[in-house]
file final.txt (compact mmCIF, C-alpha atoms and all ligand atoms)
# COMPACT_ATOMS: atom_id res chain seq x y z
CA MET A 22 102.81 82.59 89.00
CA ILE A 23 101.45 79.29 87.69
CA VAL A 24 103.50 77.03 85.44
CA LEU A 25 102.12 73.70 84.29
CA GLN A 26 104.42 71.51 82.25
CA GLY A 27 103.65 68.28 80.46
CA ILE A 28 100.53 67.55 82.49
CA HIS A 29 98.83 64.24 81.79
CA GLN A 30 95.88 62.96 83.75
CA THR A 31 94.64 59.45 83.21
CA TYR A 32 91.71 58.02 85.16
CA ALA A 33 90.93 54.36 85.49
CA SER A 34 87.36 53.48 84.59
CA ALA A 35 85.38 50.32 84.01
CA ALA A 36 85.60 50.98 80.28
CA GLY A 37 89.38 51.36 80.43
CA PRO A 38 91.68 54.33 81.01
CA VAL A 39 90.31 57.86 80.41
CA LEU A 40 92.95 60.24 79.05
CA ALA A 41 91.50 63.42 80.57
CA LEU A 42 94.60 65.60 80.08
CA GLN A 43 97.14 64.86 77.40
CA GLY A 44 100.14 67.12 77.69
CA ILE A 45 99.09 70.52 79.04
CA ASP A 46 101.63 73.36 79.17
CA LEU A 47 100.47 76.65 80.65
CA HIS A 48 102.15 79.78 81.95
CA ILE A 49 99.94 82.18 83.85
CA GLY A 50 101.47 85.45 84.99
CA LYS A 51 101.08 87.20 88.34
CA GLY A 52 97.97 89.34 88.52
CA GLU A 53 96.51 87.88 85.37
CA VAL A 54 92.87 86.93 84.88
CA PHE A 55 93.29 83.82 82.79
CA GLY A 56 90.33 81.98 81.27
CA VAL A 57 90.17 78.34 80.24
CA ILE A 58 87.17 77.53 78.09
CA GLY A 59 85.99 74.23 76.68
CA ARG A 60 82.95 72.08 76.21
CA SER A 61 81.72 69.63 78.80
CA GLY A 62 84.14 66.72 79.25
CA ALA A 63 87.07 68.62 77.69
CA GLY A 64 89.14 68.27 80.86
CA LYS A 65 88.58 71.69 82.49
CA SER A 66 87.92 70.45 86.02
CA SER A 67 90.78 67.97 85.74
CA LEU A 68 93.03 70.85 84.73
CA VAL A 69 92.03 73.26 87.48
CA ARG A 70 92.25 70.55 90.12
CA THR A 71 95.86 69.86 89.22
CA ILE A 72 96.79 73.47 90.05
CA ASN A 73 96.18 72.82 93.76
CA LEU A 74 96.82 69.08 93.47
CA LEU A 75 93.25 68.28 94.49
CA SER A 76 93.91 65.75 91.80
CA ARG A 77 97.50 64.63 91.32
CA PRO A 78 98.52 64.42 87.65
CA THR A 79 99.83 61.10 86.36
CA GLN A 80 102.66 63.02 84.72
CA GLY A 81 104.02 66.56 84.68
CA THR A 82 104.99 69.37 87.03
CA VAL A 83 102.95 72.07 88.76
CA GLN A 84 104.57 75.28 89.99
CA VAL A 85 102.61 77.87 91.93
CA ALA A 86 104.29 81.00 93.29
CA GLY A 87 107.70 79.55 92.52
CA ARG A 88 107.12 76.27 94.36
CA GLU A 89 107.02 72.87 92.72
CA LEU A 90 103.96 71.22 94.28
CA THR A 91 104.28 67.64 93.11
CA THR A 92 107.37 67.03 95.26
CA LEU A 93 105.98 68.44 98.54
CA ASN A 94 105.07 66.27 101.51
CA ALA A 95 101.58 66.42 103.03
CA GLU A 96 102.36 69.20 105.53
CA GLN A 97 104.24 71.32 102.97
CA LEU A 98 101.35 70.87 100.55
CA ARG A 99 98.82 71.93 103.18
CA LEU A 100 100.77 75.17 103.66
CA ALA A 101 101.23 75.71 99.92
CA ARG A 102 97.49 75.35 99.42
CA GLN A 103 96.89 78.39 101.62
CA ASP A 104 98.21 80.37 98.65
CA ILE A 105 95.49 78.92 96.44
CA GLY A 106 91.81 79.65 96.99
CA MET A 107 89.12 77.81 95.08
CA VAL A 108 85.53 78.56 94.15
CA PHE A 109 83.13 75.86 92.96
CA GLN A 110 80.08 75.71 90.71
CA HIS A 111 77.84 74.34 93.44
CA PHE A 112 79.37 76.53 96.16
CA ASN A 113 80.20 73.58 98.49
CA LEU A 114 78.96 75.40 101.60
CA LEU A 115 78.25 73.62 104.87
CA SER A 116 74.50 73.81 105.38
CA SER A 117 74.80 73.57 109.16
CA ARG A 118 77.02 76.65 109.35
CA THR A 119 76.03 80.27 109.03
CA VAL A 120 77.41 82.57 106.35
CA TYR A 121 79.97 83.84 108.86
CA ALA A 122 80.96 80.36 110.02
CA ASN A 123 81.39 79.12 106.46
CA VAL A 124 83.84 81.91 105.69
CA ALA A 125 85.60 81.34 109.01
CA LEU A 126 85.99 77.60 108.48
CA PRO A 127 89.35 77.49 106.69
CA LEU A 128 90.83 79.80 109.32
CA GLU A 129 89.51 77.67 112.16
CA LEU A 130 90.96 74.60 110.46
CA ALA A 131 94.30 76.39 110.18
CA GLY A 132 94.22 77.05 113.93
CA VAL A 133 93.74 80.82 113.76
CA ARG A 134 92.53 82.31 117.09
CA ALA A 135 88.84 83.31 117.29
CA ALA A 136 89.61 87.04 117.71
CA GLU A 137 91.77 87.06 114.62
CA VAL A 138 89.24 84.99 112.70
CA ARG A 139 86.70 87.72 113.35
CA GLN A 140 89.15 90.42 112.29
CA ARG A 141 89.67 88.69 109.01
CA VAL A 142 86.17 87.48 108.25
CA ASP A 143 84.32 90.76 108.95
CA PRO A 144 86.06 92.74 106.19
CA LEU A 145 85.60 89.85 103.77
CA LEU A 146 81.86 89.80 104.41
CA ASP A 147 81.88 93.53 103.78
CA LEU A 148 83.82 93.08 100.58
CA VAL A 149 81.35 90.58 99.14
CA GLY A 150 78.34 92.55 100.42
CA LEU A 151 77.05 89.99 102.91
CA SER A 152 77.56 91.66 106.30
CA ALA A 153 73.81 91.93 106.83
CA LEU A 154 73.31 88.23 106.10
CA ARG A 155 76.12 86.93 108.29
CA ASP A 156 73.87 84.87 110.58
CA ARG A 157 71.80 83.27 107.83
CA TYR A 158 72.23 79.67 106.78
CA PRO A 159 72.96 78.66 103.16
CA ALA A 160 69.34 77.52 102.68
CA GLN A 161 68.21 81.09 103.47
CA ILE A 162 70.21 82.92 100.78
CA SER A 163 70.17 83.05 96.97
CA GLY A 164 72.57 81.33 94.59
CA GLY A 165 74.49 84.52 93.92
CA GLN A 166 74.78 85.16 97.65
CA LYS A 167 76.00 81.59 98.18
CA GLN A 168 78.71 82.17 95.63
CA ARG A 169 79.70 85.36 97.43
CA VAL A 170 80.15 83.25 100.56
CA GLY A 171 82.24 80.82 98.51
CA ILE A 172 84.43 83.67 97.28
CA ALA A 173 84.87 85.18 100.75
CA ARG A 174 85.79 81.74 102.08
CA ALA A 175 88.32 81.26 99.28
CA LEU A 176 89.92 84.60 100.19
CA ALA A 177 90.07 83.89 103.93
CA SER A 178 93.55 82.38 103.83
CA ARG A 179 94.81 85.40 101.84
CA PRO A 180 95.72 83.40 98.76
CA LYS A 181 97.87 84.59 95.87
CA VAL A 182 95.89 82.55 93.38
CA LEU A 183 92.15 82.12 93.04
CA LEU A 184 90.83 79.18 91.04
CA SER A 185 87.25 79.15 89.85
CA ASP A 186 85.69 76.01 88.42
CA GLU A 187 82.48 77.13 86.67
CA ALA A 188 81.69 79.53 89.53
CA THR A 189 78.92 81.22 87.56
CA SER A 190 77.51 78.23 85.67
CA ALA A 191 74.63 77.73 88.12
CA LEU A 192 73.71 81.42 88.15
CA ASP A 193 71.43 83.54 85.97
CA PRO A 194 73.05 86.04 83.57
CA GLU A 195 72.57 89.09 85.78
CA THR A 196 73.97 87.40 88.87
CA THR A 197 76.80 86.06 86.71
CA ARG A 198 77.70 89.61 85.72
CA SER A 199 77.76 90.76 89.33
CA ILE A 200 79.91 87.82 90.43
CA LEU A 201 82.33 88.44 87.56
CA ALA A 202 82.51 92.11 88.54
CA LEU A 203 83.36 90.98 92.06
CA PHE A 204 86.18 88.82 90.68
CA GLN A 205 87.55 91.87 88.88
CA GLN A 206 87.30 93.99 91.99
CA ILE A 207 89.16 91.49 94.17
CA GLN A 208 91.76 90.92 91.48
CA ARG A 209 92.59 94.63 91.60
CA GLU A 210 92.33 94.96 95.34
CA PHE A 211 94.52 91.99 96.23
CA ASP A 212 96.60 91.72 93.05
CA LEU A 213 95.38 88.15 92.76
CA THR A 214 96.08 85.79 89.92
CA ILE A 215 92.74 84.35 88.85
CA VAL A 216 92.12 81.25 86.77
CA LEU A 217 88.55 81.01 85.51
CA ILE A 218 87.41 77.67 84.17
CA THR A 219 84.21 77.94 82.19
CA HIS A 220 82.14 76.73 79.29
CA GLN A 221 80.52 80.17 78.99
CA MET A 222 81.78 82.72 76.49
CA GLN A 223 80.21 85.43 78.61
CA VAL A 224 82.72 84.79 81.38
CA ILE A 225 85.70 84.98 79.04
CA LYS A 226 84.32 88.05 77.30
CA GLN A 227 83.66 89.97 80.46
CA VAL A 228 86.77 89.38 82.52
CA ALA A 229 89.55 87.28 81.01
CA GLU A 230 92.65 88.92 79.59
CA ARG A 231 94.10 85.76 78.09
CA VAL A 232 92.32 82.54 77.27
CA ALA A 233 93.20 78.95 76.53
CA VAL A 234 90.78 76.75 74.64
CA ILE A 235 90.79 73.15 75.81
CA ASP A 236 89.48 70.27 73.77
CA ALA A 237 89.81 66.55 74.50
CA GLY A 238 92.50 67.12 77.11
CA ARG A 239 94.66 69.40 74.99
CA ILE A 240 95.06 73.15 74.72
CA VAL A 241 94.22 73.78 71.10
CA GLU A 242 94.59 77.54 71.10
CA GLN A 243 95.63 80.28 73.50
CA GLY A 244 96.42 83.96 73.53
CA ALA A 245 94.87 87.36 74.15
CA VAL A 246 91.09 87.01 74.25
CA MET A 247 90.54 89.43 71.39
CA ASP A 248 93.05 87.65 69.14
CA VAL A 249 91.78 84.16 69.85
CA PHE A 250 88.14 85.02 69.27
CA THR A 251 88.59 87.25 66.25
CA ARG A 252 90.90 84.83 64.47
CA PRO A 253 89.79 81.42 65.70
CA GLN A 254 91.93 78.66 64.19
CA HIS A 255 90.51 75.52 65.75
CA ALA A 256 87.03 74.12 65.12
CA THR A 257 86.20 74.21 68.84
CA THR A 258 87.14 77.88 69.09
CA ARG A 259 85.07 78.65 66.01
CA SER A 260 82.05 76.93 67.46
CA LEU A 261 82.45 78.88 70.71
CA VAL A 262 82.58 82.12 68.72
CA GLU A 263 79.51 80.97 66.81
CA ASP A 264 77.65 80.93 70.14
CA ILE A 265 78.00 84.70 70.45
CA VAL A 266 78.38 85.80 66.85
CA PRO A 267 76.62 83.51 64.38
CA GLN A 268 78.61 83.17 61.16
CA ALA A 269 76.18 81.47 58.81
CA LEU A 270 73.22 83.34 57.35
CA PRO A 271 69.86 81.83 58.29
CA GLU A 272 67.53 80.69 55.50
CA SER A 273 65.10 83.55 56.15
CA VAL A 274 67.90 86.03 55.50
CA LEU A 275 68.98 84.22 52.34
CA ALA A 276 65.38 84.39 51.12
CA ARG A 277 65.37 88.12 51.76
CA ILE A 278 68.61 88.51 49.81
CA ARG A 279 67.13 86.60 46.86
CA MET A 280 64.12 88.88 46.98
CA LEU A 281 66.26 92.00 47.06
CA MET A 282 68.36 90.73 44.19
CA ALA A 283 65.25 90.02 42.14
CA GLU A 284 64.24 93.67 42.33
CA SER A 285 65.85 95.09 39.26
CA VAL A 286 67.89 98.10 40.18
CA ALA A 287 70.44 99.80 37.99
CA GLY A 288 74.01 99.35 39.05
CA ASP A 289 75.82 96.76 41.07
CA SER A 290 75.17 95.09 44.35
CA ARG A 291 77.67 93.65 46.70
CA LEU A 292 76.85 91.32 49.50
CA LEU A 293 79.41 91.93 52.22
CA ARG A 294 80.18 90.74 55.64
CA LEU A 295 81.72 93.48 57.75
CA ALA A 296 83.63 92.15 60.70
CA PHE A 297 84.45 94.36 63.63
CA ALA A 298 87.33 93.14 65.74
CA GLY A 299 88.01 95.74 68.36
CA THR A 300 88.75 98.24 65.64
CA ALA A 301 85.25 99.47 64.94
CA PRO A 302 85.53 103.21 64.92
CA ASP A 303 83.55 105.44 67.21
CA GLN A 304 82.18 107.44 64.35
CA PRO A 305 79.14 106.09 62.51
CA ILE A 306 81.26 104.71 59.73
CA LEU A 307 78.52 102.94 57.79
CA SER A 308 76.29 105.95 57.36
CA GLN A 309 79.32 108.04 56.50
CA VAL A 310 80.37 105.64 53.75
CA ILE A 311 76.86 105.45 52.38
CA ARG A 312 76.61 109.22 52.13
CA GLN A 313 80.10 109.74 50.79
CA PHE A 314 79.80 107.19 48.00
CA GLY A 315 76.09 107.60 47.26
CA LEU A 316 75.13 104.02 48.08
CA ASP A 317 72.03 102.20 49.28
CA LEU A 318 72.39 99.80 52.15
CA ASN A 319 70.27 96.91 53.32
CA LEU A 320 71.22 95.60 56.72
CA LEU A 321 70.55 91.88 56.49
CA HIS A 322 71.90 90.16 59.50
CA GLY A 323 74.45 90.44 62.21
CA GLN A 324 75.44 90.82 65.76
CA ILE A 325 77.87 93.07 67.52
CA ASP A 326 79.04 92.00 70.90
CA GLU A 327 81.76 93.30 73.15
CA ILE A 328 84.98 91.83 74.38
CA GLN A 329 86.30 93.85 77.29
CA GLY A 330 84.37 96.86 76.12
CA ARG A 331 85.60 96.69 72.53
CA PRO A 332 83.20 95.88 69.72
CA PHE A 333 83.34 92.42 68.23
CA GLY A 334 81.06 90.84 65.69
CA SER A 335 79.84 91.08 62.14
CA LEU A 336 77.17 92.61 59.97
CA SER A 337 75.98 91.21 56.66
CA VAL A 338 74.90 94.00 54.35
CA LEU A 339 73.83 94.45 50.78
CA LEU A 340 75.39 97.57 49.30
CA ARG A 341 74.06 98.95 46.04
CA GLY A 342 75.36 101.67 43.79
CA ALA A 343 77.76 102.42 40.98
CA GLN A 344 80.55 99.88 40.69
CA VAL A 345 83.36 102.41 41.08
CA GLN A 346 81.73 103.84 44.17
CA LEU A 347 81.22 100.38 45.65
CA GLY A 348 84.90 99.61 45.18
CA ALA A 349 85.88 102.90 46.79
CA ALA A 350 83.52 102.28 49.70
CA VAL A 351 85.00 98.85 50.37
CA ALA A 352 88.52 100.32 50.29
CA HIS A 353 87.42 103.04 52.69
CA LEU A 354 85.90 100.53 55.11
CA ARG A 355 89.06 98.41 55.01
CA GLY A 356 91.13 101.52 55.61
CA SER A 357 89.06 102.19 58.74
CA GLY A 358 89.94 98.83 60.22
CA VAL A 359 86.76 96.97 59.27
CA LEU A 360 87.39 93.47 57.91
CA VAL A 361 85.39 93.25 54.68
CA GLU A 362 84.54 89.88 53.24
CA ASP A 363 82.94 89.74 49.81
CA MET A 364 80.17 87.18 50.05
CA ASN A 365 79.22 87.55 46.42
CA THR A 366 79.46 90.05 43.65
CA LEU A 367 76.02 90.36 42.13
CA ARG A 368 75.04 92.38 39.14
CA VAL A 369 71.74 93.38 37.67
CA ALA A 370 71.95 94.29 34.03
CA PRO A 371 71.06 98.01 33.51
CA GLU A 372 68.86 97.26 30.45
CA VAL A 373 66.30 95.37 32.58
CA ALA A 374 66.43 97.88 35.38
CA HIS A 375 63.75 100.38 36.04
CA VAL A 376 64.15 103.54 37.99
CA GLN A 377 62.81 103.29 41.52
N1 LIG B 1 87.44 60.68 88.66
C1 LIG B 1 87.27 60.33 87.38
N2 LIG B 1 87.29 59.05 86.98
C2 LIG B 1 87.13 58.70 85.69
N3 LIG B 1 86.94 59.58 84.69
C3 LIG B 1 86.90 60.88 85.02
C4 LIG B 1 87.05 61.33 86.37
N4 LIG B 1 86.95 62.68 86.38
C5 LIG B 1 86.76 63.06 85.12
N5 LIG B 1 86.72 61.99 84.29
C6 LIG B 1 86.57 62.02 82.82
O1 LIG B 1 87.61 62.83 82.32
C7 LIG B 1 87.15 63.64 81.25
C8 LIG B 1 87.35 65.12 81.61
O2 LIG B 1 86.51 65.44 82.70
P1 LIG B 1 86.48 66.86 83.38
O3 LIG B 1 87.86 67.28 83.68
O4 LIG B 1 85.52 66.80 84.51
O5 LIG B 1 85.91 67.77 82.18
P2 LIG B 1 85.11 69.16 82.21
O6 LIG B 1 85.31 69.78 83.55
O7 LIG B 1 85.71 69.94 81.09
O8 LIG B 1 83.67 68.84 81.93
C9 LIG B 1 85.70 63.26 81.01
O9 LIG B 1 85.67 62.28 80.01
C10 LIG B 1 85.29 62.68 82.35
O10 LIG B 1 84.25 61.75 82.17
MG MG B 2 83.99 70.48 84.96

call {"tool": "encode", "arguments": {"input": "final.txt", "output": "structure tokens"}}
result
Amino acid sequence: MIVLQGIHQTYASAAGPVLALQGIDLHIGKGEVFGVIGRSGAGKSSLVRTINLLSRPTQGTVQVAGRELTTLNAEQLRLARQDIGMVFQHFNLLSSRTVYANVALPLELAGVRAAEVRQRVDPLLDLVGLSALRDRYPAQISGGQKQRVGIARALASRPKVLLSDEATSALDPETTRSILALFQQIQREFDLTIVLITHQMQVIKQVAERVAVIDAGRIVEQGAVMDVFTRPQHATTRSLVEDIVPQALPESVLARIRMLMAESVAGDSRLLRLAFAGTAPDQPILSQVIRQFGLDLNLLHGQIDEIQGRPFGSLSVLLRGAQVQLGAAVAHLRGSGVLVEDMNTLRVAPEVAHVQ
């Protein structure tokens, strides 16, 4: 549905040229919810604005719905843009127009008759849950409601593609969730292709099927969301994952580990990190392993999050028990699809141990 090839975007600035995009290739399929994540200044807005040629790339080609946009004349481009709706971080509503009139605006500009405008706008207001607020002005509604107006307006021309540039970045987490749920609903209802540009992992986690990570004007990693975030290759991807699932153990946890290790207990201890990557079983695997192999467990640190309803994250644990049993437990965990990383093999000599 969207094919970008060899996209470069260079801006002139007082300090010299800014290479905002440096060779972007992207293929986004019909009906996909595709996320593009990157830090501020990475080139996200530049990228999304090339998809509807709001900003014309200095090099490269842009195909949307089978049409090459860079070669179209002004009138052809105006028509092609009706296939592409866009939602903005700061909503970009007209303050002098009511909710209804904001949604109606693109249709009025396209010369649609008033009766038909009404026929199209009413169901859209229904869809985004704003029928009761149709006569309010933007200053009289909340941020989340403003974004609902922005979404209804973007859908007014019945686009095939919806672009969102940080649509939820100005919203609180709960409103963000409801707006993302709305995106999912309209994707299903209209079989839309949605491109979500964001710096928020929450957005990618909740709705994107595939994701591209952009850094300094280049796509450094892309693929299925679960794959990219469970096996991050690039430093930027790793730091984004770190935002939701911290990898390093904090000093307070290390101190607790030292304290636990200082307690002399017969047998061996293993400090493990258990990573769950969509494969965490439904059954309470940890307690099962502890019982089966007669181990003690200290839960030290960790976080389990969800990507599209599947568990994702890691737990750092100290397992104690007989060495053979520890080995068997680790094998059992691995066999159940848990990624087990040995952080250290620690041993307390039995002769100094006392029975607890
Ligand atoms: N119109 C412009 N003129 C000059 N530099 C720009 C312009 N727009 C963006 N930039 C620069 O291009 C880079 C990418 O910007 P942008 O695409 O807005 O990134 P993002 O949306 O990821 O924060 C930044 O260094 C930014 O300062
Ligand atoms: Mg931006």

call {"tool": "residues_around", "arguments": {"input": "final.txt", "residues": "Thr189 of chain A", "least_positions_apart": "3", "cutoff": "7 Å", "atoms": "all atoms listed in the file", "output": "list of chain:residue names"}}
result
A:Gln110, A:Leu192, A:Thr197

call {"tool": "closest_atom_pairs", "arguments": {"input": "final.txt", "of": "chain A", "to": "ligand MG 2 (chain B)", "cutoff": "7 Å", "atoms": "only C-alpha atoms and all ligand atoms", "output": "CSV"}}
result
residue,atom,partner,partner_atom,distance
A:Ser61,CA,B:MG2,MG,6.6
A:Gly62,CA,B:MG2,MG,6.8
A:Gly64,CA,B:MG2,MG,6.9
A:Lys65,CA,B:MG2,MG,5.4
A:Ser66,CA,B:MG2,MG,4.1
A:Asp186,CA,B:MG2,MG,6.7

call {"tool": "atom_distance", "arguments": {"input": "final.txt", "atom1": "atom CA of Ala298 of chain A", "atom2": "atom CA of Phe250 of chain A"}}
result
8.9 Å

call {"tool": "residues_near_ligand", "arguments": {"input": "final.txt", "ligand": "ligand LIG 1 (chain B)", "cutoff": "10 Å", "atoms": "all atoms listed in the file", "output": "PDB file with C-alpha atoms, in the coordinates of the input"}}
result
ATOM      1  CA  GLN A  30      95.880  62.960  83.750  1.00  0.00           C
ATOM      2  CA  THR A  31      94.640  59.450  83.210  1.00  0.00           C
ATOM      3  CA  TYR A  32      91.710  58.020  85.160  1.00  0.00           C
ATOM      4  CA  ALA A  33      90.930  54.360  85.490  1.00  0.00           C
ATOM      5  CA  SER A  34      87.360  53.480  84.590  1.00  0.00           C
ATOM      6  CA  ALA A  35      85.380  50.320  84.010  1.00  0.00           C
ATOM      7  CA  ALA A  36      85.600  50.980  80.280  1.00  0.00           C
ATOM      8  CA  GLY A  37      89.380  51.360  80.430  1.00  0.00           C
ATOM      9  CA  PRO A  38      91.680  54.330  81.010  1.00  0.00           C
ATOM     10  CA  VAL A  39      90.310  57.860  80.410  1.00  0.00           C
ATOM     11  CA  LEU A  40      92.950  60.240  79.050  1.00  0.00           C
ATOM     12  CA  ALA A  41      91.500  63.420  80.570  1.00  0.00           C
ATOM     13  CA  LEU A  42      94.600  65.600  80.080  1.00  0.00           C
ATOM     14  CA  VAL A  57      90.170  78.340  80.240  1.00  0.00           C
ATOM     15  CA  ILE A  58      87.170  77.530  78.090  1.00  0.00           C
ATOM     16  CA  GLY A  59      85.990  74.230  76.680  1.00  0.00           C
ATOM     17  CA  ARG A  60      82.950  72.080  76.210  1.00  0.00           C
ATOM     18  CA  SER A  61      81.720  69.630  78.800  1.00  0.00           C
ATOM     19  CA  GLY A  62      84.140  66.720  79.250  1.00  0.00           C
ATOM     20  CA  ALA A  63      87.070  68.620  77.690  1.00  0.00           C
ATOM     21  CA  GLY A  64      89.140  68.270  80.860  1.00  0.00           C
ATOM     22  CA  LYS A  65      88.580  71.690  82.490  1.00  0.00           C
ATOM     23  CA  SER A  66      87.920  70.450  86.020  1.00  0.00           C
ATOM     24  CA  SER A  67      90.780  67.970  85.740  1.00  0.00           C
ATOM     25  CA  LEU A  68      93.030  70.850  84.730  1.00  0.00           C
ATOM     26  CA  VAL A  69      92.030  73.260  87.480  1.00  0.00           C
ATOM     27  CA  ARG A  70      92.250  70.550  90.120  1.00  0.00           C
ATOM     28  CA  SER A  76      93.910  65.750  91.800  1.00  0.00           C
ATOM     29  CA  ASP A 186      85.690  76.010  88.420  1.00  0.00           C
ATOM     30  CA  GLU A 187      82.480  77.130  86.670  1.00  0.00           C
ATOM     31  CA  ILE A 218      87.410  77.670  84.170  1.00  0.00           C
ATOM     32  CA  THR A 219      84.210  77.940  82.190  1.00  0.00           C
ATOM     33  CA  HIS A 220      82.140  76.730  79.290  1.00  0.00           C
ATOM     34  CA  ILE A 235      90.790  73.150  75.810  1.00  0.00           C
ATOM     35  CA  ASP A 236      89.480  70.270  73.770  1.00  0.00           C
ATOM     36  CA  ALA A 237      89.810  66.550  74.500  1.00  0.00           C
ATOM     37  CA  GLY A 238      92.500  67.120  77.110  1.00  0.00           C
TER      38      GLY A 238
END

call {"tool": "residues_around", "arguments": {"input": "final.txt", "residues": "Leu292 of chain A", "least_positions_apart": "3", "cutoff": "10 Å", "atoms": "all atoms listed in the file", "output": "ChimeraX atom specification"}}
result
/A:278,295,318-319,321,337-341,362-367

call {"tool": "closest_residue", "arguments": {"input": "final.txt", "among": "A:Met222, A:Ala122, A:Leu320, A:Ile325", "to": "Pro194 of chain A", "atoms": "only C-alpha atoms"}}
result
A:Met222

call {"tool": "residues_around", "arguments": {"input": "final.txt", "residues": "segment 118-120 of chain A", "least_positions_apart": "6", "cutoff": "10 Å", "atoms": "only C-alpha atoms", "output": "JSON, numbers by chain"}}
result
{"A": [126, 146, 151, 152, 154, 155, 156, 157, 158, 159, 160, 161, 162, 166, 167, 169, 170, 171, 173, 174]}

call {"tool": "residues_around", "arguments": {"input": "final.txt", "residues": "Thr71 of chain A", "least_positions_apart": "5", "cutoff": "10 Å", "atoms": "only C-alpha atoms", "output": "VMD selection string"}}
result
chain A and resid 25 28 to 30 66 76 to 78 81 to 83 90 to 91

call {"tool": "atom_distance", "arguments": {"input": "final.txt", "atom1": "atom CA of Arg141 of chain A", "atom2": "atom CA of Pro180 of chain A"}}
result
13.0 Å

call {"tool": "atom_distance", "arguments": {"input": "final.txt", "atom1": "atom CA of Leu184 of chain A", "atom2": "atom CA of Ser116 of chain A"}}
result
22.4 Å

call {"tool": "closest_residue", "arguments": {"input": "final.txt", "among": "A:Gly358, A:Gly334, A:Gly244, A:Pro305", "to": "Gly56 of chain A", "atoms": "only C-alpha atoms"}}
result
A:Gly244

call {"tool": "decode", "arguments": {"input": "final.txt", "residues": "segment 170-185 of chain A", "atoms": "N, CA and C atoms", "output": "PDB file, in the first residue's frame"}}
result
ATOM      1  N   VAL A 170     -11.862  14.560  17.239  1.00  0.00           N
ATOM      2  CA  VAL A 170     -12.272  15.417  16.119  1.00  0.00           C
ATOM      3  C   VAL A 170     -11.252  15.290  14.990  1.00  0.00           C
ATOM      4  N   GLY A 171      -9.960  15.325  15.370  1.00  0.00           N
ATOM      5  CA  GLY A 171      -8.892  15.213  14.366  1.00  0.00           C
ATOM      6  C   GLY A 171      -8.999  13.901  13.585  1.00  0.00           C
ATOM      7  N   ILE A 172      -9.340  12.837  14.280  1.00  0.00           N
ATOM      8  CA  ILE A 172      -9.449  11.529  13.623  1.00  0.00           C
ATOM      9  C   ILE A 172     -10.668  11.501  12.701  1.00  0.00           C
ATOM     10  N   ALA A 173     -11.799  12.018  13.195  1.00  0.00           N
ATOM     11  CA  ALA A 173     -13.002  12.051  12.350  1.00  0.00           C
ATOM     12  C   ALA A 173     -12.740  12.888  11.101  1.00  0.00           C
ATOM     13  N   ARG A 174     -12.053  14.006  11.273  1.00  0.00           N
ATOM     14  CA  ARG A 174     -11.750  14.865  10.130  1.00  0.00           C
ATOM     15  C   ARG A 174     -10.852  14.123   9.121  1.00  0.00           C
ATOM     16  N   ALA A 175      -9.874  13.385   9.663  1.00  0.00           N
ATOM     17  CA  ALA A 175      -8.963  12.652   8.782  1.00  0.00           C
ATOM     18  C   ALA A 175      -9.699  11.569   7.997  1.00  0.00           C
ATOM     19  N   LEU A 176     -10.803  11.066   8.577  1.00  0.00           N
ATOM     20  CA  LEU A 176     -11.546   9.989   7.908  1.00  0.00           C
ATOM     21  C   LEU A 176     -12.589  10.513   6.929  1.00  0.00           C
ATOM     22  N   ALA A 177     -12.834  11.834   6.967  1.00  0.00           N
ATOM     23  CA  ALA A 177     -13.953  12.403   6.206  1.00  0.00           C
ATOM     24  C   ALA A 177     -13.842  12.126   4.714  1.00  0.00           C
ATOM     25  N   SER A 178     -12.627  12.158   4.187  1.00  0.00           N
ATOM     26  CA  SER A 178     -12.481  11.947   2.739  1.00  0.00           C
ATOM     27  C   SER A 178     -12.383  10.464   2.383  1.00  0.00           C
ATOM     28  N   ARG A 179     -12.717   9.599   3.334  1.00  0.00           N
ATOM     29  CA  ARG A 179     -12.674   8.137   3.147  1.00  0.00           C
ATOM     30  C   ARG A 179     -11.318   7.667   2.631  1.00  0.00           C
ATOM     31  N   PRO A 180     -10.281   7.938   3.403  1.00  0.00           N
ATOM     32  CA  PRO A 180      -8.936   7.594   2.942  1.00  0.00           C
ATOM     33  C   PRO A 180      -8.676   6.087   3.016  1.00  0.00           C
ATOM     34  N   LYS A 181      -7.643   5.664   2.304  1.00  0.00           N
ATOM     35  CA  LYS A 181      -7.184   4.279   2.407  1.00  0.00           C
ATOM     36  C   LYS A 181      -6.068   4.173   3.444  1.00  0.00           C
ATOM     37  N   VAL A 182      -5.410   5.303   3.655  1.00  0.00           N
ATOM     38  CA  VAL A 182      -4.247   5.337   4.548  1.00  0.00           C
ATOM     39  C   VAL A 182      -4.465   6.418   5.592  1.00  0.00           C
ATOM     40  N   LEU A 183      -4.145   6.086   6.838  1.00  0.00           N
ATOM     41  CA  LEU A 183      -4.205   7.093   7.894  1.00  0.00           C
ATOM     42  C   LEU A 183      -2.800   7.250   8.486  1.00  0.00           C
ATOM     43  N   LEU A 184      -2.316   8.493   8.459  1.00  0.00           N
ATOM     44  CA  LEU A 184      -1.003   8.778   9.022  1.00  0.00           C
ATOM     45  C   LEU A 184      -1.198   9.487  10.353  1.00  0.00           C
ATOM     46  N   SER A 185      -0.421   9.091  11.343  1.00  0.00           N
ATOM     47  CA  SER A 185      -0.534   9.733  12.642  1.00  0.00           C
ATOM     48  C   SER A 185       0.852  10.153  13.103  1.00  0.00           C
TER      49      SER A 185
END
